file data_14.txt (compact mmCIF, C-alpha atoms)
# COMPACT_ATOMS: atom_id res chain seq x y z
CA MET N 140 39.66 166.12 39.62
CA SER N 141 41.78 165.06 42.60
CA ASP N 142 41.91 168.60 44.01
CA ARG N 143 38.16 169.03 43.53
CA LEU N 144 37.37 165.79 45.38
CA ALA N 145 39.80 166.66 48.17
CA ALA N 146 38.10 170.03 48.56
CA LEU N 147 34.71 168.30 48.73
CA THR N 148 35.82 166.02 51.55
CA ASP N 149 37.26 169.01 53.43
CA ARG N 150 33.89 170.79 53.13
CA LEU N 151 32.11 167.71 54.46
CA LEU N 152 34.43 167.44 57.47
CA ASP N 153 34.09 171.15 58.24
CA ALA N 154 30.31 170.84 58.13
CA ALA N 155 30.43 167.79 60.41
CA ARG N 156 32.49 169.67 63.01
CA LYS N 157 30.13 172.65 62.91
CA ALA N 158 27.14 170.33 63.36
CA GLY N 159 28.65 168.84 66.51
CA ALA N 160 30.44 165.67 65.37
CA GLU N 161 33.32 164.57 67.58
CA SER N 162 35.03 162.83 64.65
CA ALA N 163 34.14 162.04 61.06
CA ASP N 164 35.32 160.70 57.74
CA ALA N 165 34.17 161.70 54.28
CA ILE N 166 34.36 160.24 50.81
CA ALA N 167 33.83 161.89 47.43
CA VAL N 168 33.52 159.86 44.23
CA GLU N 169 33.43 161.17 40.67
CA GLY N 170 32.78 158.81 37.78
CA THR N 171 32.19 158.61 34.06
CA SER N 172 30.90 155.58 32.18
CA ILE N 173 29.96 154.88 28.56
CA ASN N 174 28.22 151.71 27.38
CA ILE N 175 27.26 150.81 23.83
CA ASP N 176 25.07 147.77 22.99
CA VAL N 177 24.50 146.32 19.53
CA ARG N 178 22.28 143.48 18.40
CA GLY N 179 21.84 142.09 14.92
CA GLY N 180 24.39 144.53 13.57
CA LYS N 181 22.38 147.52 14.74
CA LEU N 182 22.88 149.96 17.56
CA GLU N 183 20.50 148.97 20.35
CA GLN N 184 21.45 151.28 23.20
CA ALA N 185 23.97 153.97 24.01
CA GLU N 186 24.43 155.28 27.54
CA ARG N 187 26.71 157.81 29.11
CA SER N 188 26.64 158.77 32.75
CA GLU N 189 28.61 161.28 34.77
CA GLY N 190 28.19 162.15 38.39
CA THR N 191 29.62 162.95 41.76
CA ASP N 192 28.56 161.20 44.96
CA ILE N 193 29.52 162.18 48.48
CA GLY N 194 29.30 160.32 51.76
CA LEU N 195 29.78 161.36 55.37
CA ARG N 196 30.16 159.26 58.51
CA VAL N 197 30.03 161.04 61.85
CA LEU N 198 30.82 159.71 65.31
CA ILE N 199 29.69 160.94 68.69
CA GLY N 200 31.40 158.82 71.29
CA ARG N 201 30.85 155.25 70.10
CA LYS N 202 27.70 156.11 68.18
CA GLN N 203 27.87 156.57 64.42
CA ALA N 204 25.70 157.37 61.41
CA SER N 205 26.28 157.61 57.67
CA VAL N 206 24.57 159.77 55.04
CA SER N 207 25.13 160.30 51.31
CA ALA N 208 24.06 162.61 48.49
CA SER N 209 24.74 163.42 44.86
CA ASP N 210 24.32 167.19 45.31
CA THR N 211 27.50 169.00 46.35
CA SER N 212 26.02 172.41 47.17
CA ASP N 213 26.91 174.07 50.47
CA GLU N 214 23.28 173.86 51.58
CA THR N 215 23.09 170.11 50.96
CA ILE N 216 26.41 169.45 52.69
CA ALA N 217 25.28 171.41 55.76
CA GLN N 218 21.99 169.49 55.84
CA MET N 219 23.85 166.18 55.48
CA ALA N 220 26.06 166.96 58.45
CA GLU N 221 23.15 168.07 60.64
CA ARG N 222 21.14 164.98 59.71
CA ALA N 223 24.07 162.65 60.34
CA VAL N 224 24.77 164.15 63.77
CA ALA N 225 21.09 163.89 64.71
CA MET N 226 21.05 160.25 63.60
CA ALA N 227 24.24 159.43 65.48
CA LYS N 228 22.83 160.84 68.72
CA GLU N 229 19.92 158.39 68.45
CA ALA N 230 22.01 155.42 67.27
CA PRO N 231 22.88 152.55 69.63
CA GLU N 232 26.36 152.41 71.16
CA ASP N 233 28.86 150.44 69.13
CA PRO N 234 31.96 149.75 71.25
CA ASN N 235 33.93 148.90 68.10
CA ALA N 236 33.17 152.06 66.11
CA GLY N 237 35.87 154.66 65.63
CA LEU N 238 38.49 156.04 63.29
CA ALA N 239 42.05 154.82 63.02
CA GLY N 240 44.70 156.31 65.26
CA ALA N 241 47.15 158.70 63.62
CA GLU N 242 49.96 156.14 64.03
CA GLN N 243 47.99 153.57 61.97
CA LEU N 244 47.48 155.72 58.88
CA ALA N 245 49.07 155.17 55.48
CA ARG N 246 51.82 157.60 54.49
CA ASP N 247 54.01 158.17 51.42
CA TRP N 248 52.17 155.77 49.11
CA ASP N 249 52.95 155.53 45.39
CA VAL N 250 49.76 155.52 43.31
CA ALA N 251 51.73 155.79 40.06
CA ALA N 252 53.42 152.43 40.73
CA LEU N 253 50.01 150.74 40.71
CA ASP N 254 49.28 152.10 37.20
CA LEU N 255 45.50 152.09 37.72
CA ASP N 256 44.57 155.09 35.58
CA ASP N 257 44.90 154.69 31.80
CA PRO N 258 46.43 157.93 30.45
CA SER N 259 45.04 157.38 26.95
CA GLU N 260 42.07 159.41 25.79
CA GLU N 261 38.53 158.36 26.63
CA PRO N 262 37.20 156.31 23.65
CA ASP N 263 34.48 158.00 21.65
CA PRO N 264 31.07 156.28 21.27
CA GLN N 265 31.73 155.32 17.66
CA THR N 266 34.92 153.48 18.62
CA LEU N 267 33.01 151.51 21.24
CA GLU N 268 30.20 150.75 18.81
CA ASP N 269 32.73 149.47 16.27
CA ARG N 270 34.25 147.14 18.88
CA ALA N 271 30.83 145.74 19.77
CA ARG N 272 29.95 145.22 16.09
CA VAL N 273 33.22 143.42 15.43
CA ALA N 274 32.68 141.12 18.41
CA GLU N 275 29.14 140.24 17.35
CA ALA N 276 30.16 139.60 13.74
CA ALA N 277 32.96 137.27 14.87
CA ALA N 278 30.53 135.27 17.01
CA LEU N 279 28.08 134.90 14.12
CA ASP N 280 30.88 133.64 11.87
CA VAL N 281 31.29 130.56 14.06
CA SER N 282 29.70 127.48 12.53
CA SER N 283 26.40 126.41 14.18
CA VAL N 284 25.87 129.76 15.92
CA SER N 285 22.29 130.61 14.98
CA GLN N 286 22.02 134.13 16.34
CA SER N 287 23.53 136.74 18.59
CA ASP N 288 22.11 137.88 21.89
CA GLY N 289 24.03 141.10 21.53
CA ALA N 290 27.46 142.55 22.15
CA SER N 291 28.60 145.46 24.28
CA ALA N 292 31.63 147.68 24.68
CA GLY N 293 32.23 150.09 27.52
CA TYR N 294 34.59 152.43 29.28
CA GLY N 295 34.63 153.84 32.77
CA ARG N 296 36.74 156.05 34.98
CA ARG N 297 36.15 156.42 38.70
CA ALA N 298 38.10 158.67 41.05
CA HIS N 299 37.62 158.85 44.79
CA HIS N 300 39.06 160.74 47.71
CA LEU N 301 38.90 159.82 51.40
CA ALA N 302 39.56 162.21 54.28
CA ALA N 303 39.02 162.05 58.03
CA THR N 304 39.38 164.17 61.13
CA ASN N 305 42.30 161.97 62.24
CA GLY N 306 44.41 163.68 59.59
CA PHE N 307 44.15 161.20 56.74
CA SER N 308 43.58 162.50 53.20
CA GLY N 309 44.21 160.61 49.98
CA GLY N 310 42.71 159.49 46.71
CA TYR N 311 43.29 157.81 43.36
CA ALA N 312 41.50 157.02 40.09
CA ARG N 313 40.88 153.80 38.21
CA THR N 314 39.85 153.21 34.60
CA SER N 315 38.25 150.20 32.92
CA HIS N 316 37.68 149.02 29.35
CA GLY N 317 35.45 146.07 28.48
CA VAL N 318 33.90 144.09 25.62
CA SER N 319 31.32 141.33 25.94
CA CYS N 320 29.35 139.16 23.54
CA THR N 321 26.65 136.48 23.89
CA ALA N 322 25.98 133.90 21.18
CA ILE N 323 23.18 131.35 20.70
CA THR N 324 23.25 127.94 19.07
CA GLY N 325 20.24 125.89 17.96
CA THR N 326 16.61 126.90 17.55
CA GLY N 327 13.38 126.71 19.51
CA THR N 328 13.58 124.66 22.70
CA GLY N 329 17.03 123.45 21.64
CA MET N 330 18.68 126.84 21.92
CA GLU N 331 21.71 127.23 24.18
CA ARG N 332 23.78 130.31 24.85
CA ASP N 333 27.17 131.25 26.19
CA HIS N 334 29.23 134.39 26.36
CA ALA N 335 32.71 135.88 26.58
CA PHE N 336 33.72 139.00 28.45
CA GLU N 337 37.06 140.71 28.87
CA SER N 338 37.92 143.76 30.92
CA ARG N 339 41.19 145.58 31.56
CA LEU N 340 42.23 148.79 33.26
CA HIS N 341 44.25 149.90 30.21
CA ALA N 342 42.99 149.81 26.64
CA ALA N 343 46.40 148.61 25.44
CA ASP N 344 45.95 145.38 27.42
CA MET N 345 42.57 144.48 25.92
CA PRO N 346 42.30 141.44 23.60
CA ALA N 347 40.92 142.14 20.13
CA ALA N 348 37.13 142.43 19.96
CA GLU N 349 37.13 139.81 17.21
CA GLU N 350 38.84 137.34 19.53
CA ILE N 351 36.25 137.93 22.25
CA GLY N 352 33.34 137.44 19.86
CA ARG N 353 34.83 134.29 18.35
CA LEU N 354 35.30 132.81 21.82
CA ALA N 355 31.66 133.52 22.67
CA GLY N 356 30.59 131.79 19.48
CA GLU N 357 32.79 128.75 20.06
CA ARG N 358 31.55 128.40 23.63
CA ALA N 359 27.92 128.54 22.51
CA ALA N 360 28.47 126.10 19.63
CA ALA N 361 30.03 123.57 22.00
CA LEU N 362 26.78 123.42 24.00
CA ALA N 363 24.61 122.02 21.20
CA GLY N 364 22.77 118.88 22.29
CA MET N 365 22.99 119.34 26.06
CA ARG N 366 21.66 116.56 28.26
CA ARG N 367 21.59 115.62 31.92
CA PRO N 368 24.62 113.76 33.30
CA LYS N 369 24.68 110.64 35.44
CA THR N 370 23.94 110.59 39.16
CA GLY N 371 26.63 109.45 41.57
CA ALA N 372 29.93 110.40 43.15
CA PHE N 373 32.38 111.72 40.55
CA PRO N 374 35.43 113.97 40.29
CA VAL N 375 34.49 117.51 39.24
CA LEU N 376 36.75 119.90 37.36
CA TYR N 377 35.85 123.56 37.92
CA ASP N 378 36.88 125.46 34.80
CA GLU N 379 39.02 128.57 35.32
CA ARG N 380 36.04 130.70 34.29
CA ILE N 381 34.23 129.85 37.54
CA SER N 382 36.83 128.23 39.82
CA SER N 383 37.36 131.43 41.81
CA GLY N 384 33.90 130.85 43.28
CA LEU N 385 35.26 128.01 45.42
CA ILE N 386 37.99 130.22 46.84
CA SER N 387 35.45 133.01 47.34
CA HIS N 388 33.49 130.71 49.65
CA LEU N 389 36.61 130.28 51.78
CA LEU N 390 37.26 134.03 51.79
CA SER N 391 33.67 134.75 52.82
CA ALA N 392 34.07 132.33 55.73
CA ILE N 393 37.16 134.18 57.04
CA ASN N 394 35.62 137.64 56.60
CA GLY N 395 35.69 139.43 59.93
CA THR N 396 31.97 140.17 59.86
CA ALA N 397 31.07 136.46 59.68
CA VAL N 398 33.77 135.40 62.16
CA ALA N 399 32.82 138.05 64.72
CA ARG N 400 29.20 136.90 64.58
CA GLY N 401 30.19 133.26 64.92
CA ALA N 402 28.38 132.59 61.65
CA SER N 403 31.25 130.97 59.77
CA TRP N 404 32.16 127.38 59.08
CA LEU N 405 35.80 128.40 59.58
CA ARG N 406 35.25 130.34 62.82
CA ASP N 407 37.52 128.01 64.81
CA ALA N 408 40.01 127.25 62.04
CA MET N 409 42.79 129.79 62.66
CA GLY N 410 46.12 127.95 62.42
CA GLN N 411 44.43 124.84 61.09
CA GLN N 412 44.80 123.23 57.68
CA VAL N 413 42.10 124.35 55.25
CA LEU N 414 43.82 123.48 51.94
CA PRO N 415 46.29 120.79 50.85
CA ASP N 416 49.68 121.52 52.45
CA TRP N 417 51.35 122.64 49.23
CA LEU N 418 48.81 125.38 48.50
CA SER N 419 48.73 129.00 49.64
CA ILE N 420 46.42 131.96 49.09
CA THR N 421 48.21 135.30 48.72
CA GLU N 422 46.61 138.73 48.82
CA ASP N 423 48.50 141.46 46.97
CA PRO N 424 46.84 144.92 46.90
CA HIS N 425 49.87 146.39 45.14
CA ARG N 426 49.77 144.38 41.92
CA PRO N 427 50.12 146.85 38.99
CA ARG N 428 47.16 147.24 36.63
CA ALA N 429 44.93 144.97 38.71
CA ALA N 430 41.28 145.76 39.31
CA SER N 431 41.43 145.54 43.12
CA SER N 432 44.79 147.21 43.73
CA ARG N 433 44.90 150.18 46.11
CA PRO N 434 47.55 151.97 48.20
CA PHE N 435 45.31 152.23 51.28
CA ASP N 436 42.00 150.81 52.44
CA ALA N 437 38.73 152.63 53.10
CA GLU N 438 39.86 153.65 56.60
CA GLY N 439 43.19 155.08 55.46
CA LEU N 440 45.35 152.15 56.58
CA PRO N 441 48.32 151.07 54.42
CA THR N 442 47.63 147.92 52.40
CA ALA N 443 50.30 145.22 52.10
CA ARG N 444 50.93 141.84 50.52
CA ARG N 445 50.26 138.91 52.87
CA GLN N 446 49.55 135.19 52.88
CA ILE N 447 46.05 134.43 54.08
CA VAL N 448 46.65 130.69 53.77
CA GLU N 449 50.25 129.46 53.95
CA ASN N 450 51.15 125.88 53.07
CA GLY N 451 47.53 124.92 53.61
CA GLN N 452 47.18 126.57 57.04
CA LEU N 453 44.87 129.52 57.72
CA ARG N 454 47.04 132.45 58.87
CA GLY N 455 44.69 135.44 59.04
CA TRP N 456 41.17 136.81 58.97
CA VAL N 457 39.97 139.59 56.67
CA LEU N 458 39.42 142.55 59.03
CA ASP N 459 38.58 146.21 59.12
CA LEU N 460 38.98 148.28 62.30
CA ALA N 461 35.58 147.41 63.79
CA THR N 462 35.74 143.65 63.27
CA GLY N 463 39.35 143.62 64.43
CA ARG N 464 38.39 145.38 67.65
CA LYS N 465 35.53 142.96 68.21
CA LEU N 466 37.92 140.02 67.87
CA GLY N 467 40.68 141.67 69.87
CA LEU N 468 42.93 141.92 66.81
CA SER N 469 44.44 144.60 64.60
CA SER N 470 42.85 145.52 61.29
CA THR N 471 44.37 143.76 58.29
CA ALA N 472 43.74 146.94 56.22
CA ASN N 473 40.90 145.30 54.33
CA ALA N 474 38.21 147.95 54.80
CA THR N 475 35.96 148.65 51.82
CA ARG N 476 33.28 151.31 51.64
CA GLY N 477 30.65 153.05 49.57
CA THR N 478 29.33 156.55 50.08
CA SER N 479 26.21 155.46 51.97
CA SER N 480 27.53 152.97 54.51
CA PRO N 481 30.31 152.53 57.06
CA PRO N 482 33.38 150.39 56.24
CA SER N 483 33.21 146.60 56.03
CA PRO N 484 35.91 143.97 55.28
CA GLY N 485 36.78 142.83 51.75
CA VAL N 486 39.75 141.33 49.88
CA PHE N 487 42.10 142.87 47.32
CA ASN N 488 43.71 140.72 44.58
CA ILE N 489 43.87 137.03 45.44
CA GLU N 490 46.18 134.36 44.05
CA LEU N 491 46.05 130.61 44.65
CA THR N 492 49.19 128.53 44.15
CA ALA N 493 49.23 127.10 40.63
CA GLY N 494 49.71 123.41 39.98
CA PRO N 495 52.24 121.85 37.58
CA LYS N 496 49.67 120.44 35.15
CA SER N 497 47.36 121.86 32.51
CA ARG N 498 43.59 121.59 32.58
CA ALA N 499 43.78 118.95 29.85
CA GLU N 500 46.19 116.86 31.96
CA LEU N 501 43.86 117.05 34.97
CA MET N 502 40.99 116.07 32.72
CA ALA N 503 42.92 113.03 31.53
CA GLU N 504 43.63 112.04 35.14
CA MET N 505 40.00 112.32 36.24
CA GLY N 506 38.87 109.79 33.65
CA THR N 507 35.09 110.05 34.06
CA GLY N 508 33.37 113.00 35.67
CA LEU N 509 32.09 116.53 35.13
CA MET N 510 33.79 119.72 33.97
CA VAL N 511 31.77 122.69 35.18
CA THR N 512 31.73 125.90 33.12
CA SER N 513 28.66 127.58 34.60
CA MET N 514 27.03 127.69 38.04
CA LEU N 515 23.34 128.33 38.70
CA GLY N 516 21.90 129.39 42.04
CA SER N 517 23.51 128.73 45.38
CA SER N 518 22.69 127.03 48.66
CA ILE N 519 25.62 127.43 51.03
CA ASN N 520 25.12 126.98 54.77
CA PRO N 521 27.44 129.67 56.22
CA THR N 522 27.81 127.95 59.59
CA THR N 523 28.42 124.36 58.43
CA GLY N 524 29.85 124.80 54.92
CA ASP N 525 27.29 122.45 53.37
CA TYR N 526 27.33 123.12 49.64
CA SER N 527 24.73 122.64 46.92
CA ARG N 528 24.77 124.38 43.55
CA GLY N 529 23.27 123.91 40.13
CA ALA N 530 25.79 123.42 37.36
CA SER N 531 26.29 122.90 33.64
CA GLY N 532 29.33 122.05 31.55
CA PHE N 533 30.71 118.94 29.89
CA TRP N 534 30.71 115.24 30.69
CA ILE N 535 34.18 113.72 30.63
CA GLU N 536 34.80 110.11 29.61
CA ASN N 537 38.21 108.50 29.21
CA GLY N 538 39.75 111.88 30.01
CA GLU N 539 38.09 113.70 27.11
CA ILE N 540 34.96 115.79 26.57
CA ALA N 541 32.08 113.48 25.57
CA TYR N 542 29.06 115.83 25.45
CA PRO N 543 27.65 119.01 27.04
CA VAL N 544 25.45 118.67 30.14
CA ASN N 545 23.04 120.79 32.14
CA GLU N 546 20.31 120.50 34.80
CA CYS N 547 22.50 118.90 37.44
CA THR N 548 23.34 119.67 41.07
CA LEU N 549 26.64 119.39 42.90
CA ALA N 550 26.68 118.69 46.64
CA GLY N 551 29.33 118.35 49.31
CA ASN N 552 30.87 120.17 52.26
CA LEU N 553 33.26 123.04 51.58
CA ARG N 554 35.66 122.07 54.37
CA ASP N 555 36.08 118.61 52.82
CA MET N 556 36.01 119.85 49.21
CA LEU N 557 38.79 122.39 49.69
CA MET N 558 41.03 119.74 51.23
CA ARG N 559 40.71 117.71 48.03
CA ILE N 560 41.41 120.34 45.39
CA THR N 561 44.12 120.04 42.76
CA PRO N 562 44.82 123.25 40.80
CA ALA N 563 45.87 123.41 37.16
CA ASN N 564 48.27 126.03 35.78
CA ASP N 565 45.84 128.08 33.67
CA ALA N 566 45.05 131.10 35.88
CA ARG N 567 44.91 134.33 33.87
CA ALA N 568 47.40 136.91 35.10
CA HIS N 569 45.21 140.00 34.63
CA ARG N 570 42.36 138.83 36.86
CA SER N 571 41.88 140.15 40.38
CA TYR N 572 41.33 136.53 41.47
CA ARG N 573 44.16 134.46 39.99
CA VAL N 574 42.64 131.03 40.47
CA PRO N 575 43.30 128.21 37.96
CA SER N 576 40.96 125.37 37.06
CA LEU N 577 40.36 123.19 40.13
CA LEU N 578 39.83 119.44 40.26
CA VAL N 579 37.77 118.29 43.26
CA GLU N 580 37.52 114.59 44.00
CA GLY N 581 34.37 112.78 45.09
CA LEU N 582 31.52 115.28 44.82
CA THR N 583 27.93 114.06 44.76
CA LEU N 584 26.32 114.74 41.41
CA ALA N 585 22.54 114.63 40.92
CA GLY N 586 21.61 114.29 37.26
CA GLU N 587 19.43 111.70 35.55
call {"tool": "encode", "arguments": {"input": "data_14.txt", "output": "structure tokens"}}
result
Amino acid sequence: MSDRLAALTDRLLDAARKAGAESADAIAVEGTSINIDVRGGKLEQAERSEGTDIGLRVLIGRKQASVSASDTSDETIAQMAERAVAMAKEAPEDPNAGLAGAEQLARDWDVAALDLDDPSEEPDPQTLEDRARVAEAAALDVSSVSQSDGASAGYGRRAHHLAATNGFSGGYARTSHGVSCTAITGTGTGMERDHAFESRLHAADMPAAEEIGRLAGERAAALAGMRRPKTGAFPVLYDERISSGLISHLLSAINGTAVARGASWLRDAMGQQVLPDWLSITEDPHRPRAASSRPFDAEGLPTARRQIVENGQLRGWVLDLATGRKLGLSSTANATRGTSSPPSPGVFNIELTAGPKSRAELMAEMGTGLMVTSMLGSSINPTTGDYSRGASGFWIENGEIAYPVNECTLAGNLRDMLMRITPANDARAHRSYRVPSLLVEGLTLAGE
């Protein structure tokens, strides 16, 4: 597969040169996915997809254009290149467009050390169906679960290869295995649902399907009798299931695209404190068996571990080549890309410093407040950081869960909220975002 994809990118670059491109990069992606859904103990849907997608970006001076296709014939590739060159000639000048210099490119990477591609055989459909059935049955065995909203099991493998006229050429493959289940408690207008989902790159790392289904059932059963919480200012504990969302808001605000446009509430925060002084955010693209690991970014630059926030202070933006040039900085090797668009910045494997206490200990300390397990909708002002989101979860009294709650809204300002977070120690090691449960003091809660 790797040789075939490399040959495809070479054909794309050759076609681009013949069509008149001054420089170009090409990407070829080949993927397989299988998904099996069951409901009520019966097979509901079985899907398998296979395909190859190709993308080409051409540059003429500082003008660029991107095209993509799923047909790899010589005729289509030639037409793609001609179309891309014609588009680039009509595109506006972009002073920040351009490939990496040869001295910037990744060399001598070790894909095997990342262990992204499960060597075991692709699971057959019956195996996946059995996993989904087991998960659903385990959920239905939980007391007070009234019905299942289905269970799924899936597998995927995706390989890609990137090449450019600056001399870069490289690729790798990544596999994924997953099981999910959704359970329902109650009847009629009193029904509530919750789910559990687990995904790993290697099948050997997956939890048992029965465990996943049972967790879905227990989560749903715990929601019986939901009501609206009180209105006021209370501490809020973001459960580990959704706590990474808070850190994602920070990462979005330091993304080079937002910073370069001046549309970020952290646009002037470089070197300033954005988290409590004992917390750091580390990016590690080389973590083995992690979903966002990669030896190089989508522009062929070598990825590396770095601290984005160190001891509470913001140390770096998230940049690709174009946003780096616009800000007068070097790329941080954070380019991401699909086949149909030019590169843009993204992050690869994030970890927030863990705290010394468990979620239960933080709950005991908060006394009365809200533990959030699900977020609904979003209203985030990207330039001010004003925050408003719908939420549901559990009301906490005397440090313990009192009853489930829904139909409430949390409000605050992200800059203030992030300065008041206290992390627990329950982050799950396999997740791309290793973020534990987070206690945030003094949020405004609109309920009854």
call {"tool": "closest_residue", "arguments": {"input": "data_14.txt", "among": "N:Glu260, N:Arg353, N:Ala343, N:Ala302", "to": "N:Asp153", "atoms": "all atoms listed in the file"}}
result
N:Ala302
call {"tool": "residues_around", "arguments": {"input": "data_14.txt", "residues": "N:Gly352", "least_positions_apart": "5", "cutoff": "9 Å", "atoms": "only C-alpha atoms", "output": "list in words"}}
result
Ala271, Val273, Ala274, Glu275, Ala276, Ala277, Ala278, Leu279, Ala290, Val318, Ser319, Cys320, Thr321, Ala322, His334, Ala335, Phe336, Ala347 and Glu357 of chain N
call {"tool": "closest_residue", "arguments": {"input": "data_14.txt", "among": "N:Thr492, N:Thr548, N:Ser513, N:Ser432", "to": "N:Val250", "atoms": "only C-alpha atoms"}}
result
N:Ser432
call {"tool": "residues_around", "arguments": {"input": "data_14.txt", "residues": "N:His388", "least_positions_apart": "5", "cutoff": "12 Å", "atoms": "all atoms listed in the file", "output": "VMD selection string"}}
result
chain N and resid 382 to 383 393 to 394 397 403 to 405 517 to 526 552 to 554 556 to 557
call {"tool": "write_last_selection", "arguments": {"input": "data_14.txt", "atoms": "C-alpha atoms", "output": "PDB file, in the coordinates of the input"}}
result
ATOM      1  CA  SER N 382      36.830 128.230  39.820  1.00  0.00           C
ATOM      2  CA  SER N 383      37.360 131.430  41.810  1.00  0.00           C
ATOM      3  CA  ILE N 393      37.160 134.180  57.040  1.00  0.00           C
ATOM      4  CA  ASN N 394      35.620 137.640  56.600  1.00  0.00           C
ATOM      5  CA  ALA N 397      31.070 136.460  59.680  1.00  0.00           C
ATOM      6  CA  SER N 403      31.250 130.970  59.770  1.00  0.00           C
ATOM      7  CA  TRP N 404      32.160 127.380  59.080  1.00  0.00           C
ATOM      8  CA  LEU N 405      35.800 128.400  59.580  1.00  0.00           C
ATOM      9  CA  SER N 517      23.510 128.730  45.380  1.00  0.00           C
ATOM     10  CA  SER N 518      22.690 127.030  48.660  1.00  0.00           C
ATOM     11  CA  ILE N 519      25.620 127.430  51.030  1.00  0.00           C
ATOM     12  CA  ASN N 520      25.120 126.980  54.770  1.00  0.00           C
ATOM     13  CA  PRO N 521      27.440 129.670  56.220  1.00  0.00           C
ATOM     14  CA  THR N 522      27.810 127.950  59.590  1.00  0.00           C
ATOM     15  CA  THR N 523      28.420 124.360  58.430  1.00  0.00           C
ATOM     16  CA  GLY N 524      29.850 124.800  54.920  1.00  0.00           C
ATOM     17  CA  ASP N 525      27.290 122.450  53.370  1.00  0.00           C
ATOM     18  CA  TYR N 526      27.330 123.120  49.640  1.00  0.00           C
ATOM     19  CA  ASN N 552      30.870 120.170  52.260  1.00  0.00           C
ATOM     20  CA  LEU N 553      33.260 123.040  51.580  1.00  0.00           C
ATOM     21  CA  ARG N 554      35.660 122.070  54.370  1.00  0.00           C
ATOM     22  CA  MET N 556      36.010 119.850  49.210  1.00  0.00           C
ATOM     23  CA  LEU N 557      38.790 122.390  49.690  1.00  0.00           C
TER      24      LEU N 557
END
call {"tool": "closest_atom_pairs", "arguments": {"input": "data_14.txt", "of": "stretch 345-404 of chain N", "to": "stretch 563-570 of chain N", "cutoff": "12 Å", "atoms": "only C-alpha atoms", "output": "CSV"}}
result
residue,atom,partner,partner_atom,distance
N:Met345,CA,N:His569,CA,10.1
N:Pro346,CA,N:His569,CA,11.5
N:Leu376,CA,N:Ala563,CA,9.8
N:Tyr377,CA,N:Ala563,CA,10.0
N:Asp378,CA,N:Asp565,CA,9.4
N:Glu379,CA,N:Ala566,CA,6.6
N:Arg380,CA,N:Ala566,CA,9.2
N:Ile381,CA,N:Ala566,CA,11.0
N:Ser382,CA,N:Ala566,CA,9.6
N:Ser383,CA,N:Ala566,CA,9.7
call {"tool": "decode", "arguments": {"input": "data_14.txt", "residues": "stretch 313-322 of chain N", "atoms": "N, CA, C and O atoms", "output": "short mmCIF file (atom, residue, chain, number, x, y, z; two decimals), in the first residue's frame"}}
result
data_model
loop_
_atom_site.label_atom_id
_atom_site.label_comp_id
_atom_site.auth_asym_id
_atom_site.auth_seq_id
_atom_site.Cartn_x
_atom_site.Cartn_y
_atom_site.Cartn_z
N ARG N 313 -2.61 4.07 9.99
CA ARG N 313 -3.16 4.07 11.34
C ARG N 313 -4.42 3.21 11.35
O ARG N 313 -5.26 3.31 10.45
N THR N 314 -4.55 2.37 12.37
CA THR N 314 -5.75 1.54 12.50
C THR N 314 -6.61 2.04 13.67
O THR N 314 -6.14 2.82 14.51
N SER N 315 -7.84 1.58 13.72
CA SER N 315 -8.72 1.91 14.85
C SER N 315 -9.74 0.80 15.04
O SER N 315 -10.22 0.20 14.08
N HIS N 316 -10.03 0.52 16.31
CA HIS N 316 -11.07 -0.43 16.70
C HIS N 316 -11.99 0.29 17.67
O HIS N 316 -11.51 1.05 18.53
N GLY N 317 -13.30 0.07 17.57
CA GLY N 317 -14.21 0.77 18.46
C GLY N 317 -15.48 -0.01 18.75
O GLY N 317 -15.93 -0.82 17.93
N VAL N 318 -16.04 0.22 19.93
CA VAL N 318 -17.34 -0.34 20.34
C VAL N 318 -18.10 0.75 21.06
O VAL N 318 -17.54 1.46 21.90
N SER N 319 -19.38 0.90 20.74
CA SER N 319 -20.21 1.88 21.42
C SER N 319 -21.57 1.27 21.73
O SER N 319 -22.01 0.31 21.08
N CYS N 320 -22.25 1.84 22.73
CA CYS N 320 -23.56 1.36 23.12
C CYS N 320 -24.33 2.51 23.76
O CYS N 320 -23.75 3.32 24.49
N THR N 321 -25.64 2.59 23.47
CA THR N 321 -26.51 3.60 24.07
C THR N 321 -27.68 2.90 24.75
O THR N 321 -28.34 2.05 24.15
N ALA N 322 -27.92 3.27 26.01
CA ALA N 322 -28.98 2.65 26.79
C ALA N 322 -30.00 3.69 27.22
O ALA N 322 -29.68 4.89 27.33
#
